[in-house]
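Please read the structure below before turning to the comments.
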Amino acid sequence: MLAEIVTATWVGIVATTLVLPVAVGLGWLLARRRLPAWLEVVAWLPVVLPPGAFAASGPGGQVLAAALLALPLCTLVCQGAFLRVGARWGHVATALGDTPRERFSRVDLPLAMPGLLAAAALGFARAATVAAAGGLVLAIPALIVFGSLRHAHDEALEAADG
Amino acid sequence: MAERVKVWSGRREWTAEVDRVELWGPDATRLLEGIALGRVPVSVDGAALSPPFGWLPPDRLPFPHLSARENLGYTGASRARVDAVAERLGLTEVLDRRSRSLDRAQRERVALGRAVLASDRLWLLDGVGALAPLLDPPPGVVILARDFAGAATRWEV
């Protein structure tokens, strides 16, 4: 049992670390650029697949399977985070002379941060459940996810008020 | 008098020989935003300009994740200049507070300060209104603004 928790945790952490930068980039593209609709459908597909659909063996295989499962979920939550921020702050930064890169790091990224952290938690949860089948292990990431989603929800309400 | 400022968008063109221009009409906000984002060409004294511009966006809000001081200094103004503008706008006491914790009037003034510190060539102020007495333009700056009582001429857009 303990060994399963340890394995699930490290697979989750490694997979999330690998996936998050990619997911942030893709999420930003989906939120800010006009992309074909089918791309978004493809991005959603692995979300509804059961973890068992990705047969994994060995530590490398487990991390890879976990990353593949976590990527779309992470991407879509990141997309939501950038959509919630909206384009107007980026416009202000552009008018004030920021390059696209500066605009991303000074405005888009910090403003989307609560949502991006939620994406990381969700990705970790998804990845960790690939590595473990035990009910307890499934419950721990789920609790983290619900906690962070609730936090993101509160942040969204606060932002809407302010 | 020589032409000071020219804006051209599609088939239309506007020119003025003075520094203070009020934009009036249903497309004033869209035109100001187009200029601010570099999509609508603008020239001052015959030279085409590009960002940074002193844009006060129509919501007149500062960046919520930055303090008032960080907003004013967003375009790299020196600490002394930030302090001077903050004093003029009555923001000295709240400079180190996060802008989302400020009240509506203070936020508008932070956004105005961010705009005036961004450029000494062109200010694009979308809704001056009651903020007009706070403006202290340096000589030579051109102001295109909506709801601007102090304007010397008016463009219908």
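Residue numbers start at 1 in each chain; chains themselves are named A, B, ... in the order of the structure tokens; ligands are numbered from 1 in the order shown.
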Subject >> segment 5-126 of chain B: residues DSSP assigns to strand (DSSP E or B), reported as a ChimeraX atom specification >> reply: /B:5-9,12-16,20-24,42-44,47-48,54-56,67,98,122-126
**OP:** Write down as a count of residues only the residues belonging to chain B that are assigned helix (DSSP H, G or I) by DSSP computed on the backbone.
**Re:** 51
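If you look at atom CA of Glu22 of chain B and atom CA of Val7 of chain B, they are 13.1 Å away from each other.
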Tell me which protein, DNA and RNA residues are within 8 Å of Arg114 of chain B, counting only C-alpha atoms, leaving out same-chain ones fewer than 3 positions away, and put them as a PDB file with N, CA and C atoms, in the first residue's frame.
```pdb
ATOM      1  N   GLY B  54       0.580  56.398 -24.416  1.00  0.00           N
ATOM      2  CA  GLY B  54      -0.084  56.595 -23.121  1.00  0.00           C
ATOM      3  C   GLY B  54      -1.566  56.310 -23.241  1.00  0.00           C
ATOM      4  N   PRO B  62      -6.204  49.690 -13.651  1.00  0.00           N
ATOM      5  CA  PRO B  62      -4.791  49.301 -13.626  1.00  0.00           C
ATOM      6  C   PRO B  62      -4.665  47.777 -13.649  1.00  0.00           C
ATOM      7  N   ASN B  71       2.295  49.563 -11.336  1.00  0.00           N
ATOM      8  CA  ASN B  71       1.511  50.014 -12.479  1.00  0.00           C
ATOM      9  C   ASN B  71       2.082  51.295 -13.072  1.00  0.00           C
ATOM     10  N   LEU B  72       2.378  52.263 -12.188  1.00  0.00           N
ATOM     11  CA  LEU B  72       2.896  53.541 -12.681  1.00  0.00           C
ATOM     12  C   LEU B  72       4.251  53.345 -13.361  1.00  0.00           C
ATOM     13  N   GLY B  73       5.070  52.453 -12.798  1.00  0.00           N
ATOM     14  CA  GLY B  73       6.403  52.230 -13.346  1.00  0.00           C
ATOM     15  C   GLY B  73       6.454  51.147 -14.400  1.00  0.00           C
ATOM     16  N   TYR B  74       5.296  50.727 -14.928  1.00  0.00           N
ATOM     17  CA  TYR B  74       5.260  49.577 -15.839  1.00  0.00           C
ATOM     18  C   TYR B  74       6.168  49.778 -17.049  1.00  0.00           C
ATOM     19  N   THR B  75       6.236  51.020 -17.561  1.00  0.00           N
ATOM     20  CA  THR B  75       7.032  51.263 -18.767  1.00  0.00           C
ATOM     21  C   THR B  75       8.445  51.733 -18.441  1.00  0.00           C
ATOM     22  N   VAL B 110      -4.683  55.583 -10.947  1.00  0.00           N
ATOM     23  CA  VAL B 110      -3.501  54.751 -11.217  1.00  0.00           C
ATOM     24  C   VAL B 110      -3.395  54.471 -12.718  1.00  0.00           C
ATOM     25  N   ALA B 111      -4.539  54.142 -13.341  1.00  0.00           N
ATOM     26  CA  ALA B 111      -4.528  53.864 -14.787  1.00  0.00           C
ATOM     27  C   ALA B 111      -4.117  55.106 -15.567  1.00  0.00           C
ATOM     28  N   LEU B 117       2.803  58.244 -17.859  1.00  0.00           N
ATOM     29  CA  LEU B 117       4.217  57.911 -17.713  1.00  0.00           C
ATOM     30  C   LEU B 117       4.743  57.055 -18.874  1.00  0.00           C
ATOM     31  N   ALA B 118       3.806  56.544 -19.707  1.00  0.00           N
ATOM     32  CA  ALA B 118       4.217  55.634 -20.772  1.00  0.00           C
ATOM     33  C   ALA B 118       4.789  56.371 -21.982  1.00  0.00           C
TER      34      ALA B 118
END
```
**OP:** Please identify every residue of chain A that has at least one atom no more than 6 Å from any atom of chain B, counting only C-alpha atoms, and report them as a ChimeraX atom specification.
**Re:** /A:95-97
Restricting it to C-alpha atoms, dump the selection as a PDB file, in the first residue's frame.
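Result saved to part.pdb:
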```pdb
ATOM      1  CA  ALA A  95      -0.139  49.634 -26.110  1.00  0.00           C
ATOM      2  CA  LEU A  96       2.419  50.260 -23.354  1.00  0.00           C
ATOM      3  CA  GLY A  97       5.114  48.847 -25.616  1.00  0.00           C
TER       4      GLY A  97
END
```
Write out as a PDB file with N, CA and C atoms, in the first residue's frame each polymer residue whose atoms come within 7 Å of Arg4 of chain B, counting only C-alpha atoms; drop sequence neighbours fewer than 4 positions from it.
```pdb
ATOM      1  N   ALA B  16      -5.126  67.355 -37.404  1.00  0.00           N
ATOM      2  CA  ALA B  16      -5.326  68.512 -36.525  1.00  0.00           C
ATOM      3  C   ALA B  16      -4.036  69.302 -36.458  1.00  0.00           C
ATOM      4  N   GLU B  17      -4.200  70.595 -36.237  1.00  0.00           N
ATOM      5  CA  GLU B  17      -3.021  71.466 -36.122  1.00  0.00           C
ATOM      6  C   GLU B  17      -2.737  71.813 -34.668  1.00  0.00           C
ATOM      7  N   VAL B  18      -3.511  71.206 -33.774  1.00  0.00           N
ATOM      8  CA  VAL B  18      -3.372  71.525 -32.339  1.00  0.00           C
ATOM      9  C   VAL B  18      -3.030  70.260 -31.554  1.00  0.00           C
ATOM     10  N   VAL B  44       2.794  62.099 -35.744  1.00  0.00           N
ATOM     11  CA  VAL B  44       2.878  63.374 -35.038  1.00  0.00           C
ATOM     12  C   VAL B  44       4.032  64.147 -35.648  1.00  0.00           C
ATOM     13  N   ASP B  45       3.741  65.375 -36.083  1.00  0.00           N
ATOM     14  CA  ASP B  45       4.746  66.214 -36.759  1.00  0.00           C
ATOM     15  C   ASP B  45       5.377  65.474 -37.942  1.00  0.00           C
TER      16      ASP B  45
END
```
12 Å contact set for Asp27 of chain B, only C-alpha atoms, chain neighbours under 6 positions out, as a compact mmCIF listing (two decimals) with N, CA and C atoms, in the first residue's frame:
```
# COMPACT_ATOMS: atom_id res chain seq x y z
N SER B 9 -7.49 55.68 -41.13
CA SER B 9 -8.06 54.35 -40.93
C SER B 9 -8.95 54.04 -42.12
N GLU B 33 -8.50 52.51 -29.48
CA GLU B 33 -7.88 51.21 -29.24
C GLU B 33 -7.03 50.77 -30.43
N GLY B 34 -7.55 51.04 -31.65
CA GLY B 34 -6.80 50.68 -32.85
C GLY B 34 -5.46 51.40 -32.91
N ASP B 126 -9.16 57.32 -23.23
CA ASP B 126 -10.53 56.93 -23.56
C ASP B 126 -11.46 57.27 -22.39
N ARG B 146 -11.37 60.91 -25.57
CA ARG B 146 -12.84 60.90 -25.61
C ARG B 146 -13.32 61.59 -24.33
N TRP B 155 -12.77 65.67 -33.48
CA TRP B 155 -12.92 64.81 -34.65
C TRP B 155 -14.19 63.99 -34.48
N GLU B 156 -14.97 63.92 -35.55
CA GLU B 156 -16.13 63.06 -35.50
C GLU B 156 -15.74 61.71 -36.10
N VAL B 157 -15.90 60.64 -35.36
CA VAL B 157 -15.46 59.32 -35.84
C VAL B 157 -16.60 58.31 -35.78
```
Subject >> Polymer residues at most 10 Å from Leu131 of chain B, only C-alpha atoms, same-chain spacing of 5 or more positions, as an MDAnalysis selection string >> reply: chainID B and resid 89 105 108:109 112 148
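Coordinates place atom CA of Asp96 of chain B at a distance of 11.9 Å from atom CA of Val82 of chain B.
Residues within 8 Å of Leu76 of chain A, counting only C-alpha atoms and excluding same-chain residues fewer than 2 positions away, are Ala23, Gly27, Ala43, Trp44, Pro72, Leu73, Cys74, Cys78, Gln79 and Gly80 of chain A.
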Would you put the residues from that selection into a file with C-alpha atoms, as a PDB file, in the first residue's frame?
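Everything below was put into selection.pdb:
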```
ATOM      1  CA  ALA A  23       0.022  22.479 -21.423  1.00  0.00           C
ATOM      2  CA  GLY A  27      -3.655  26.333 -23.476  1.00  0.00           C
ATOM      3  CA  ALA A  43      -7.579  17.566 -27.171  1.00  0.00           C
ATOM      4  CA  TRP A  44     -10.649  16.462 -25.212  1.00  0.00           C
ATOM      5  CA  PRO A  72      -5.150  17.177 -22.449  1.00  0.00           C
ATOM      6  CA  LEU A  73      -6.737  17.789 -19.070  1.00  0.00           C
ATOM      7  CA  CYS A  74      -3.949  20.197 -18.096  1.00  0.00           C
ATOM      8  CA  CYS A  78      -4.873  26.167 -18.742  1.00  0.00           C
ATOM      9  CA  GLN A  79      -6.986  27.287 -21.697  1.00  0.00           C
ATOM     10  CA  GLY A  80      -9.814  28.096 -19.290  1.00  0.00           C
TER      11      GLY A  80
END
```
